[in-house]
$ cat target-v4.tsv   # TSV, C-alpha atoms
chain	number	residue	atom	x	y	z
I	99	MET	CA	14.25	53.25	155.43
I	100	ASN	CA	17.86	52.67	154.43
I	101	SER	CA	18.69	51.75	158.05
I	102	LYS	CA	17.00	48.41	157.45
I	103	ILE	CA	19.44	47.69	154.62
I	104	LYS	CA	22.64	46.03	155.77
I	105	ILE	CA	25.90	46.44	153.85
I	106	LEU	CA	29.07	44.52	154.60
I	107	PHE	CA	32.38	45.76	153.24
I	108	ILE	CA	35.48	43.60	153.30
I	109	ASP	CA	38.70	45.58	152.84
I	110	ASP	CA	42.02	45.49	154.68
I	111	GLU	CA	42.83	49.16	154.08
I	112	GLN	CA	41.68	51.24	157.06
I	113	PRO	CA	41.39	54.51	155.05
I	114	ILE	CA	39.09	52.77	152.53
I	115	ARG	CA	36.94	51.30	155.31
I	116	LYS	CA	36.72	54.74	156.93
I	117	LEU	CA	35.65	56.27	153.61
I	118	LEU	CA	33.06	53.56	152.96
I	119	ALA	CA	31.70	53.90	156.48
I	120	HIS	CA	31.26	57.64	156.01
I	121	ILE	CA	29.58	57.30	152.59
I	122	LEU	CA	27.21	54.53	153.64
I	123	THR	CA	26.24	55.78	157.10
I	124	THR	CA	25.54	59.22	155.62
I	125	GLU	CA	22.99	57.49	153.37
I	126	GLY	CA	21.47	55.76	156.38
I	127	TYR	CA	22.64	52.21	155.69
I	128	THR	CA	23.52	49.82	158.52
I	129	ILE	CA	27.14	48.79	158.00
I	130	PHE	CA	29.43	45.97	159.01
I	131	GLU	CA	33.18	45.92	158.43
I	132	ALA	CA	35.73	43.15	157.95
I	133	GLU	CA	39.41	43.28	157.05
I	134	SER	CA	40.24	39.67	156.22
I	135	VAL	CA	38.87	36.57	154.53
I	136	LYS	CA	38.10	34.96	157.89
I	137	GLU	CA	36.32	38.04	159.28
I	138	GLY	CA	34.46	38.64	156.03
I	139	LEU	CA	33.01	35.14	155.79
I	140	ALA	CA	32.10	35.13	159.48
I	141	SER	CA	30.38	38.53	159.24
I	142	ALA	CA	28.47	37.53	156.11
I	143	SER	CA	27.20	34.42	157.86
I	144	LEU	CA	26.29	36.25	161.08
I	145	HIS	CA	24.65	39.38	159.66
I	146	SER	CA	23.17	38.21	156.30
I	147	PRO	CA	23.94	41.51	154.55
I	148	ASP	CA	21.80	42.79	151.70
I	149	VAL	CA	24.88	43.88	149.71
I	150	ILE	CA	28.55	42.96	150.04
I	151	LEU	CA	31.42	45.20	148.91
I	152	LEU	CA	34.51	43.05	148.41
I	153	ASP	CA	38.13	44.12	147.97
I	154	LEU	CA	40.38	41.57	146.26
I	155	GLY	CA	43.63	42.13	148.17
I	156	LEU	CA	43.18	40.64	151.66
I	157	PRO	CA	45.94	39.67	154.11
I	158	ASP	CA	44.92	36.06	154.69
I	159	GLY	CA	43.75	35.14	151.20
I	160	SER	CA	42.26	36.51	148.02
I	161	GLY	CA	38.95	38.23	147.42
I	162	GLU	CA	38.32	35.61	144.76
I	163	GLU	CA	38.43	32.97	147.48
I	164	VAL	CA	35.80	34.90	149.45
I	165	LEU	CA	33.68	35.30	146.33
I	166	ILE	CA	33.72	31.58	145.58
I	167	LYS	CA	32.91	30.61	149.18
I	168	LEU	CA	30.10	33.18	149.47
I	169	ARG	CA	28.48	31.96	146.28
I	170	GLU	CA	28.22	28.48	147.79
I	171	TRP	CA	25.42	29.72	150.05
I	172	SER	CA	24.76	33.47	149.74
I	173	LYS	CA	22.62	35.17	147.08
I	174	ALA	CA	23.47	38.69	148.29
I	175	PRO	CA	24.70	40.99	145.52
I	176	ILE	CA	28.49	41.26	145.59
I	177	ILE	CA	30.20	44.36	144.20
I	178	VAL	CA	33.95	43.88	143.79
I	179	LEU	CA	36.27	46.80	144.48
I	180	THR	CA	39.41	46.42	142.39
I	181	ALA	CA	42.41	48.42	141.22
I	182	ASN	CA	42.81	46.09	138.24
I	183	LYS	CA	41.45	47.61	135.03
I	184	ALA	CA	42.11	44.53	132.86
I	185	ASP	CA	39.01	43.24	131.06
I	186	ASP	CA	39.94	39.58	131.48
I	187	GLU	CA	40.12	40.03	135.26
I	188	LYS	CA	36.69	41.67	135.32
I	189	VAL	CA	35.20	38.87	133.22
I	190	LYS	CA	36.71	36.28	135.56
I	191	LEU	CA	35.17	37.97	138.61
I	192	LEU	CA	31.74	38.19	137.00
I	193	ASP	CA	31.90	34.56	135.92
I	194	LEU	CA	32.82	33.59	139.50
I	195	GLY	CA	29.63	35.20	140.77
I	196	ALA	CA	30.26	38.90	141.28
I	197	ASP	CA	27.28	41.08	140.40
I	198	ASP	CA	29.27	44.18	139.54
I	199	TYR	CA	32.65	45.84	140.03
I	200	LEU	CA	34.08	49.28	140.67
I	201	VAL	CA	37.61	50.26	139.74
I	202	LYS	CA	39.50	52.19	142.42
I	203	PRO	CA	39.53	55.10	142.92
I	204	PHE	CA	35.77	55.53	142.62
I	205	HIS	CA	33.38	58.37	143.40
I	206	ALA	CA	30.69	58.15	146.07
I	207	PRO	CA	27.75	58.81	143.68
I	208	GLU	CA	28.83	55.94	141.43
I	209	LEU	CA	29.20	53.55	144.37
I	210	LEU	CA	25.77	54.48	145.71
I	211	ALA	CA	24.19	54.10	142.27
I	212	ARG	CA	25.66	50.60	141.89
I	213	ILE	CA	24.34	49.67	145.34
I	214	ARG	CA	20.84	50.89	144.46
I	215	VAL	CA	20.87	48.85	141.25
I	216	ALA	CA	22.06	45.77	143.15
I	217	LEU	CA	19.27	46.19	145.69
I	218	ARG	CA	16.61	46.61	143.02
I	219	HIS	CA	17.81	43.48	141.27
I	220	GLN	CA	17.88	41.54	144.53
I	221	GLN	CA	14.33	42.59	145.39
I	222	ARG	CA	12.89	41.74	141.98
I	223	ASP	CA	10.66	38.67	142.14
I	224	THR	CA	12.34	36.27	139.75
I	225	ALA	CA	9.33	33.94	139.97
I	226	ASN	CA	7.15	36.63	138.41
I	227	PRO	CA	6.45	35.60	134.80
I	228	VAL	CA	6.33	39.25	133.70
I	229	ILE	CA	9.33	41.58	133.74
I	230	SER	CA	8.44	45.26	133.45
I	231	LEU	CA	11.22	47.79	132.89
I	232	GLY	CA	9.61	51.11	132.14
I	233	ASP	CA	8.00	50.90	128.71
I	234	LEU	CA	9.54	47.47	128.08
I	235	MET	CA	7.50	44.41	129.11
I	236	ILE	CA	8.59	40.80	128.76
I	237	ASP	CA	6.06	38.02	129.43
I	238	LEU	CA	8.24	34.99	130.17
I	239	SER	CA	5.39	32.48	130.15
I	240	GLY	CA	3.97	33.78	126.86
I	241	HIS	CA	7.32	34.51	125.18
I	242	LEU	CA	5.91	37.95	124.48
I	243	VAL	CA	7.71	41.31	124.29
I	244	LYS	CA	5.96	44.68	124.21
I	245	VAL	CA	7.37	48.18	123.86
I	246	LYS	CA	4.98	50.96	124.89
I	247	GLY	CA	2.14	48.44	124.74
I	248	VAL	CA	2.92	47.31	121.19
I	249	GLU	CA	4.06	43.74	120.57
I	250	VAL	CA	7.57	43.37	119.15
I	251	LYS	CA	8.30	40.34	116.97
I	252	LEU	CA	11.63	38.76	117.92
I	253	THR	CA	13.32	35.60	116.70
I	254	SER	CA	13.85	32.88	119.32
I	255	LYS	CA	17.52	33.81	119.76
I	256	GLU	CA	16.75	37.54	120.00
I	257	TYR	CA	14.13	36.78	122.64
I	258	GLU	CA	16.50	34.58	124.65
I	259	PHE	CA	19.20	37.25	124.50
I	260	LEU	CA	16.82	39.97	125.71
I	261	LYS	CA	15.41	37.69	128.40
I	262	ILE	CA	18.86	37.02	129.86
I	263	LEU	CA	19.63	40.74	129.99
I	264	ALA	CA	16.21	41.57	131.48
I	265	LYS	CA	16.42	38.92	134.19
I	266	ASN	CA	19.77	40.42	135.15
I	267	ALA	CA	18.78	44.04	134.57
I	268	GLY	CA	21.35	46.45	135.96
I	269	LYS	CA	24.05	43.77	136.10
I	270	ILE	CA	26.79	43.03	133.62
I	271	VAL	CA	26.23	39.70	131.87
I	272	THR	CA	29.44	38.39	130.37
I	273	GLN	CA	29.80	37.27	126.78
I	274	THR	CA	30.63	33.76	128.00
I	275	GLN	CA	27.46	33.59	130.10
I	276	ILE	CA	25.26	34.64	127.18
I	277	LEU	CA	26.93	32.41	124.60
I	278	THR	CA	26.87	29.38	126.89
I	279	GLU	CA	23.23	29.83	127.88
I	280	ILE	CA	21.92	30.39	124.35
I	281	TRP	CA	24.28	28.46	122.08
I	282	GLY	CA	25.88	25.95	124.46
I	283	PRO	CA	29.29	25.52	126.13
I	284	ASN	CA	31.22	25.00	122.90
I	285	ASN	CA	30.50	28.49	121.56
I	286	GLU	CA	32.40	30.65	124.04
I	287	ASN	CA	34.62	32.13	121.32
I	288	ASN	CA	31.79	33.10	118.98
I	289	SER	CA	31.39	36.65	120.28
I	290	HIS	CA	30.50	37.83	116.76
I	291	TYR	CA	27.09	36.22	117.29
I	292	LEU	CA	26.41	38.73	120.06
I	293	ARG	CA	27.21	41.80	117.98
I	294	VAL	CA	24.69	40.68	115.36
I	295	TYR	CA	21.90	40.11	117.88
I	296	VAL	CA	22.60	43.30	119.80
I	297	ALA	CA	22.30	45.23	116.56
I	298	GLN	CA	18.93	43.57	115.92
I	299	LEU	CA	17.68	44.31	119.43
I	300	ARG	CA	18.74	47.93	119.10
I	301	LYS	CA	16.64	48.18	115.96
I	302	LYS	CA	13.60	46.29	117.24
I	303	VAL	CA	13.53	47.37	120.89
I	304	GLU	CA	15.66	50.46	121.48
I	305	GLU	CA	14.40	52.44	118.48
I	306	PRO	CA	10.71	52.07	119.44
I	307	LEU	CA	11.61	52.90	123.04
I	308	GLY	CA	13.42	56.00	121.90
I	309	GLN	CA	16.30	55.41	124.30
I	310	LYS	CA	19.43	53.33	124.66
I	311	ILE	CA	19.00	50.56	127.22
I	312	ILE	CA	21.59	47.96	126.11
I	313	VAL	CA	25.07	49.05	127.14
I	314	THR	CA	28.12	47.32	125.70
I	315	GLU	CA	30.79	46.78	128.35
I	316	SER	CA	33.72	46.58	125.96
I	317	GLY	CA	35.53	43.25	126.06
I	318	ILE	CA	33.33	42.02	128.90
I	319	GLY	CA	29.66	41.73	128.05
I	320	TYR	CA	26.39	43.67	128.19
I	321	ARG	CA	24.25	45.48	130.73
I	322	LEU	CA	20.54	46.32	130.43
I	323	LEU	CA	19.91	49.71	132.00
I	324	VAL	CA	17.18	50.13	134.60
I	325	ASN	CA	15.52	53.40	135.57

$ encode --input "target-v4.tsv" --output "structure tokens"
Amino acid sequence: MNSKIKILFIDDEQPIRKLLAHILTTEGYTIFEAESVKEGLASASLHSPDVILLDLGLPDGSGEEVLIKLREWSKAPIIVLTANKADDEKVKLLDLGADDYLVKPFHAPELLARIRVALRHQQRDTANPVISLGDLMIDLSGHLVKVKGVEVKLTSKEYEFLKILAKNAGKIVTQTQILTEIWGPNNENNSHYLRVYVAQLRKKVEEPLGQKIIVTESGIGYRLLVN
């Protein structure tokens, strides 16, 4: 039941809070509201929400401040609501710990879809050595990848790239995050590496699957689609 799922939204605009309340209660979610940094942090601590929707423009501080403080102790998915369409701002938010973002104005179906993805990712058992995403299976302990039951031979870097996306399935993983994790902290500007490996994964994984699962978020990073 959705009523067991708690969603906190932090936004100082009363019309936006009213809209969010209508959308989320209609879907059966239990909601909590906050309109400032102080209220947002207090509510997150008190209610332990399953998902947090965070606006950046708050009267007593910035949403970025809330994001940083929440990530010191909370693992709840955080979806940022922003009017800023700039790619560098989105990358910054994701690197600070946001799980996703929505650019205002947004449509209710898109918001609800992002929430469902965030919940699925949160509920996935990260200790499980096998990640199954439809016809794609990744055995983390055996460094094995199968598509429709057939083993796919990947290089070590291709495997690491796919593993990062799969462990964060549904979320955007920034170019910086991928480059740093695979090639080290001194390779943040080598985004051309990623284009090469994405092309290889499209050939080795997407083509046998018969569907596109690796989405390029232009100027930001990559997202592995989940059903």

$ residues_around --input "target-v4.tsv" --residues "segment 158-165 of chain I" --least-positions-apart "3" --cutoff "7 Å" --atoms "all atoms listed in the file" --output "list in words"
Ser134, Val135, Leu139, Leu152, Asp153, Leu154, Gly155, Leu168, Arg169 and Gly195 of chain I

$ write_last_selection --input "target-v4.tsv" --atoms "C-alpha atoms" --output "short mmCIF file (atom, residue, chain, number, x, y, z; two decimals), in the frame of the given file"
data_model
loop_
_atom_site.label_atom_id
_atom_site.label_comp_id
_atom_site.auth_asym_id
_atom_site.auth_seq_id
_atom_site.Cartn_x
_atom_site.Cartn_y
_atom_site.Cartn_z
CA SER I 134 40.24 39.67 156.22
CA VAL I 135 38.87 36.57 154.53
CA LEU I 139 33.01 35.14 155.79
CA LEU I 152 34.51 43.05 148.41
CA ASP I 153 38.13 44.12 147.97
CA LEU I 154 40.38 41.57 146.26
CA GLY I 155 43.63 42.13 148.17
CA LEU I 168 30.10 33.18 149.47
CA ARG I 169 28.48 31.96 146.28
CA GLY I 195 29.63 35.20 140.77
#

$ closest_residue --input "target-v4.tsv" --among "I:Val228, I:Leu192, I:Leu156, I:Ile213" --to "Tyr320 of chain I" --atoms "only C-alpha atoms"
I:Leu192

$ closest_atom_pairs --input "target-v4.tsv" --of "segment 197-278 of chain I" --to "segment 113-127 of chain I" --cutoff "12 Å" --atoms "all atoms listed in the file" --output "CSV"
residue,atom,partner,partner_atom,distance
I:Lys202,CA,I:Ile114,CA,10.1
I:Pro203,CA,I:Ile114,CA,9.9
I:Phe204,CA,I:Ile114,CA,10.8
I:His205,CA,I:Ile121,CA,10.0
I:Ala206,CA,I:Ile121,CA,6.7
I:Pro207,CA,I:Ile121,CA,9.2
I:Glu208,CA,I:Ile121,CA,11.3
I:Leu209,CA,I:Ile121,CA,9.0
I:Leu210,CA,I:Leu122,CA,8.1
I:Ala211,CA,I:Glu125,CA,11.7
I:Ile213,CA,I:Leu122,CA,10.0
I:Arg214,CA,I:Glu125,CA,11.3

$ closest_atom_pairs --input "target-v4.tsv" --of "segment 209-325 of chain I" --to "segment 178-190 of chain I" --cutoff "8 Å" --atoms "all atoms listed in the file" --output "Markdown table"
| residue | atom | partner | partner_atom | distance |
| --- | --- | --- | --- | --- |
| I:Thr272 | CA | I:Val189 | CA | 6.4 |
| I:Gly317 | CA | I:Asp185 | CA | 6.1 |
| I:Ile318 | CA | I:Val189 | CA | 5.7 |

$ atom_distance --input "target-v4.tsv" --atom1 "atom CA of Ala132 of chain I" --atom2 "atom CA of Leu194 of chain I"
21.0 Å

$ residues_near_point --input "target-v4.tsv" --point "(30.3, 42.3, 156.1)" --cutoff "9 Å" --atoms "only C-alpha atoms" --output "list in words"
Lys104, Ile105, Leu106, Phe107, Ile108, Ile129, Phe130, Glu131, Ala132, Glu137, Gly138, Leu139, Ala140, Ser141, Ala142, Ser143, Leu144, His145, Ser146, Pro147, Val149, Ile150, Leu151 and Leu152 of chain I

$ atom_distance --input "target-v4.tsv" --atom1 "atom CA of Lys265 of chain I" --atom2 "atom CA of Ile229 of chain I"
7.6 Å

$ decode --input "target-v4.tsv" --residues "segment 191-324 of chain I" --atoms "C-alpha atoms" --output "PDB file, in the first residue's frame"
ATOM      1  CA  LEU I 191      23.502  18.631  -7.412  1.00  0.00           C
ATOM      2  CA  LEU I 192      24.014  15.005  -8.408  1.00  0.00           C
ATOM      3  CA  ASP I 193      27.611  15.082  -7.209  1.00  0.00           C
ATOM      4  CA  LEU I 194      26.415  16.519  -3.873  1.00  0.00           C
ATOM      5  CA  GLY I 195      24.166  13.507  -3.378  1.00  0.00           C
ATOM      6  CA  ALA I 196      20.881  14.134  -5.176  1.00  0.00           C
ATOM      7  CA  ASP I 197      19.413  11.015  -6.763  1.00  0.00           C
ATOM      8  CA  ASP I 198      17.503  12.811  -9.495  1.00  0.00           C
ATOM      9  CA  TYR I 199      16.083  16.193 -10.481  1.00  0.00           C
ATOM     10  CA  LEU I 200      12.999  17.641 -12.119  1.00  0.00           C
ATOM     11  CA  VAL I 201      12.966  20.982 -13.884  1.00  0.00           C
ATOM     12  CA  LYS I 202       9.976  23.189 -13.063  1.00  0.00           C
ATOM     13  CA  PRO I 203       7.314  23.237 -14.342  1.00  0.00           C
ATOM     14  CA  PHE I 204       6.890  19.468 -14.352  1.00  0.00           C
ATOM     15  CA  HIS I 205       3.967  17.157 -15.064  1.00  0.00           C
ATOM     16  CA  ALA I 206       2.439  14.875 -12.437  1.00  0.00           C
ATOM     17  CA  PRO I 207       3.071  11.615 -14.382  1.00  0.00           C
ATOM     18  CA  GLU I 208       6.782  12.425 -14.686  1.00  0.00           C
ATOM     19  CA  LEU I 209       7.073  13.244 -10.980  1.00  0.00           C
ATOM     20  CA  LEU I 210       5.317  10.019 -10.001  1.00  0.00           C
ATOM     21  CA  ALA I 211       7.495   7.981 -12.364  1.00  0.00           C
ATOM     22  CA  ARG I 212      10.670   9.446 -10.837  1.00  0.00           C
ATOM     23  CA  ILE I 213       9.366   8.643  -7.357  1.00  0.00           C
ATOM     24  CA  ARG I 214       8.647   5.030  -8.331  1.00  0.00           C
ATOM     25  CA  VAL I 215      12.157   4.651  -9.753  1.00  0.00           C
ATOM     26  CA  ALA I 216      13.665   6.153  -6.592  1.00  0.00           C
ATOM     27  CA  LEU I 217      11.677   3.735  -4.431  1.00  0.00           C
ATOM     28  CA  ARG I 218      12.685   0.717  -6.501  1.00  0.00           C
ATOM     29  CA  HIS I 219      16.323   1.727  -6.259  1.00  0.00           C
ATOM     30  CA  GLN I 220      16.052   2.285  -2.524  1.00  0.00           C
ATOM     31  CA  GLN I 221      14.472  -1.129  -1.982  1.00  0.00           C
ATOM     32  CA  ARG I 222      17.020  -3.017  -4.065  1.00  0.00           C
ATOM     33  CA  ASP I 223      19.286  -5.144  -1.893  1.00  0.00           C
ATOM     34  CA  THR I 224      22.728  -3.774  -2.654  1.00  0.00           C
ATOM     35  CA  ALA I 225      24.307  -6.678  -0.758  1.00  0.00           C
ATOM     36  CA  ASN I 226      22.866  -9.104  -3.291  1.00  0.00           C
ATOM     37  CA  PRO I 227      25.726 -10.284  -5.526  1.00  0.00           C
ATOM     38  CA  VAL I 228      23.364 -10.625  -8.504  1.00  0.00           C
ATOM     39  CA  ILE I 229      21.628  -7.695 -10.189  1.00  0.00           C
ATOM     40  CA  SER I 230      18.735  -8.687 -12.432  1.00  0.00           C
ATOM     41  CA  LEU I 231      17.164  -6.056 -14.683  1.00  0.00           C
ATOM     42  CA  GLY I 232      14.775  -7.813 -17.003  1.00  0.00           C
ATOM     43  CA  ASP I 233      16.808  -9.892 -19.450  1.00  0.00           C
ATOM     44  CA  LEU I 234      20.072  -8.391 -18.182  1.00  0.00           C
ATOM     45  CA  MET I 235      21.851 -10.210 -15.331  1.00  0.00           C
ATOM     46  CA  ILE I 236      25.070  -9.113 -13.664  1.00  0.00           C
ATOM     47  CA  ASP I 237      26.793 -11.469 -11.217  1.00  0.00           C
ATOM     48  CA  LEU I 238      28.993  -9.154  -9.142  1.00  0.00           C
ATOM     49  CA  SER I 239      30.863 -11.933  -7.360  1.00  0.00           C
ATOM     50  CA  GLY I 240      31.594 -13.825 -10.582  1.00  0.00           C
ATOM     51  CA  HIS I 241      32.179 -10.755 -12.785  1.00  0.00           C
ATOM     52  CA  LEU I 242      29.671 -12.312 -15.154  1.00  0.00           C
ATOM     53  CA  VAL I 243      27.153 -10.621 -17.464  1.00  0.00           C
ATOM     54  CA  LYS I 244      24.332 -12.425 -19.250  1.00  0.00           C
ATOM     55  CA  VAL I 245      21.759 -11.147 -21.724  1.00  0.00           C
ATOM     56  CA  LYS I 246      18.740 -13.413 -22.195  1.00  0.00           C
ATOM     57  CA  GLY I 247      20.700 -16.202 -20.512  1.00  0.00           C
ATOM     58  CA  VAL I 248      23.705 -15.905 -22.826  1.00  0.00           C
ATOM     59  CA  GLU I 249      27.052 -14.795 -21.415  1.00  0.00           C
ATOM     60  CA  VAL I 250      28.397 -11.519 -22.786  1.00  0.00           C
ATOM     61  CA  LYS I 251      32.172 -11.043 -22.896  1.00  0.00           C
ATOM     62  CA  LEU I 252      33.145  -7.591 -21.636  1.00  0.00           C
ATOM     63  CA  THR I 253      36.534  -6.029 -21.013  1.00  0.00           C
ATOM     64  CA  SER I 254      37.291  -5.087 -17.398  1.00  0.00           C
ATOM     65  CA  LYS I 255      36.523  -1.403 -18.038  1.00  0.00           C
ATOM     66  CA  GLU I 256      33.286  -2.207 -19.895  1.00  0.00           C
ATOM     67  CA  TYR I 257      32.223  -4.413 -17.001  1.00  0.00           C
ATOM     68  CA  GLU I 258      33.025  -1.742 -14.400  1.00  0.00           C
ATOM     69  CA  PHE I 259      31.111   0.863 -16.400  1.00  0.00           C
ATOM     70  CA  LEU I 260      28.039  -1.373 -16.692  1.00  0.00           C
ATOM     71  CA  LYS I 261      28.268  -2.354 -13.024  1.00  0.00           C
ATOM     72  CA  ILE I 262      28.206   1.280 -11.893  1.00  0.00           C
ATOM     73  CA  LEU I 263      25.143   1.987 -14.019  1.00  0.00           C
ATOM     74  CA  ALA I 264      23.385  -1.200 -12.867  1.00  0.00           C
ATOM     75  CA  LYS I 265      24.016  -0.561  -9.184  1.00  0.00           C
ATOM     76  CA  ASN I 266      22.460   2.864  -9.690  1.00  0.00           C
ATOM     77  CA  ALA I 267      19.762   1.733 -12.118  1.00  0.00           C
ATOM     78  CA  GLY I 268      17.168   4.425 -12.705  1.00  0.00           C
ATOM     79  CA  LYS I 269      19.454   7.166 -11.385  1.00  0.00           C
ATOM     80  CA  ILE I 270      21.666   9.542 -13.301  1.00  0.00           C
ATOM     81  CA  VAL I 271      25.350   8.807 -12.730  1.00  0.00           C
ATOM     82  CA  THR I 272      27.494  11.802 -13.595  1.00  0.00           C
ATOM     83  CA  GLN I 273      30.489  11.672 -15.897  1.00  0.00           C
ATOM     84  CA  THR I 274      32.709  12.727 -12.994  1.00  0.00           C
ATOM     85  CA  GLN I 275      31.437   9.893 -10.805  1.00  0.00           C
ATOM     86  CA  ILE I 276      32.111   7.278 -13.486  1.00  0.00           C
ATOM     87  CA  LEU I 277      35.514   8.618 -14.501  1.00  0.00           C
ATOM     88  CA  THR I 278      36.682   8.932 -10.895  1.00  0.00           C
ATOM     89  CA  GLU I 279      35.504   5.456  -9.901  1.00  0.00           C
ATOM     90  CA  ILE I 280      36.977   3.658 -12.912  1.00  0.00           C
ATOM     91  CA  TRP I 281      40.012   5.713 -13.930  1.00  0.00           C
ATOM     92  CA  GLY I 282      40.806   7.674 -10.758  1.00  0.00           C
ATOM     93  CA  PRO I 283      40.430  11.289  -9.592  1.00  0.00           C
ATOM     94  CA  ASN I 284      42.826  12.763 -12.145  1.00  0.00           C
ATOM     95  CA  ASN I 285      40.698  11.795 -15.141  1.00  0.00           C
ATOM     96  CA  GLU I 286      37.638  13.988 -14.623  1.00  0.00           C
ATOM     97  CA  ASN I 287      38.131  15.774 -17.951  1.00  0.00           C
ATOM     98  CA  ASN I 288      38.488  12.625 -20.047  1.00  0.00           C
ATOM     99  CA  SER I 289      34.817  12.344 -20.990  1.00  0.00           C
ATOM    100  CA  HIS I 290      35.811  10.951 -24.404  1.00  0.00           C
ATOM    101  CA  TYR I 291      36.596   7.681 -22.618  1.00  0.00           C
ATOM    102  CA  LEU I 292      32.920   7.346 -21.742  1.00  0.00           C
ATOM    103  CA  ARG I 293      31.653   7.789 -25.289  1.00  0.00           C
ATOM    104  CA  VAL I 294      33.897   4.953 -26.444  1.00  0.00           C
ATOM    105  CA  TYR I 295      32.733   2.552 -23.733  1.00  0.00           C
ATOM    106  CA  VAL I 296      29.071   3.450 -24.102  1.00  0.00           C
ATOM    107  CA  ALA I 297      29.332   2.667 -27.801  1.00  0.00           C
ATOM    108  CA  GLN I 298      30.837  -0.731 -26.933  1.00  0.00           C
ATOM    109  CA  LEU I 299      28.136  -1.491 -24.366  1.00  0.00           C
ATOM    110  CA  ARG I 300      25.438  -0.547 -26.850  1.00  0.00           C
ATOM    111  CA  LYS I 301      26.892  -3.077 -29.270  1.00  0.00           C
ATOM    112  CA  LYS I 302      27.507  -5.874 -26.768  1.00  0.00           C
ATOM    113  CA  VAL I 303      24.532  -5.444 -24.435  1.00  0.00           C
ATOM    114  CA  GLU I 304      21.807  -3.317 -26.003  1.00  0.00           C
ATOM    115  CA  GLU I 305      21.824  -5.013 -29.408  1.00  0.00           C
ATOM    116  CA  PRO I 306      21.334  -8.532 -27.958  1.00  0.00           C
ATOM    117  CA  LEU I 307      18.650  -7.145 -25.633  1.00  0.00           C
ATOM    118  CA  GLY I 308      16.886  -5.569 -28.566  1.00  0.00           C
ATOM    119  CA  GLN I 309      16.186  -2.377 -26.657  1.00  0.00           C
ATOM    120  CA  LYS I 310      17.886   0.817 -25.554  1.00  0.00           C
ATOM    121  CA  ILE I 311      18.657   0.801 -21.840  1.00  0.00           C
ATOM    122  CA  ILE I 312      21.593   3.249 -21.564  1.00  0.00           C
ATOM    123  CA  VAL I 313      20.338   6.819 -21.791  1.00  0.00           C
ATOM    124  CA  THR I 314      22.772   9.669 -22.342  1.00  0.00           C
ATOM    125  CA  GLU I 315      21.876  12.699 -20.227  1.00  0.00           C
ATOM    126  CA  SER I 316      23.601  15.270 -22.414  1.00  0.00           C
ATOM    127  CA  GLY I 317      26.386  17.138 -20.639  1.00  0.00           C
ATOM    128  CA  ILE I 318      25.620  15.379 -17.360  1.00  0.00           C
ATOM    129  CA  GLY I 319      26.104  11.625 -17.419  1.00  0.00           C
ATOM    130  CA  TYR I 320      24.222   8.378 -18.018  1.00  0.00           C
ATOM    131  CA  ARG I 321      21.150   6.583 -16.729  1.00  0.00           C
ATOM    132  CA  LEU I 322      20.387   2.854 -16.995  1.00  0.00           C
ATOM    133  CA  LEU I 323      16.678   2.385 -17.599  1.00  0.00           C
ATOM    134  CA  VAL I 324      14.665   0.042 -15.397  1.00  0.00           C
TER     135      VAL I 324
END
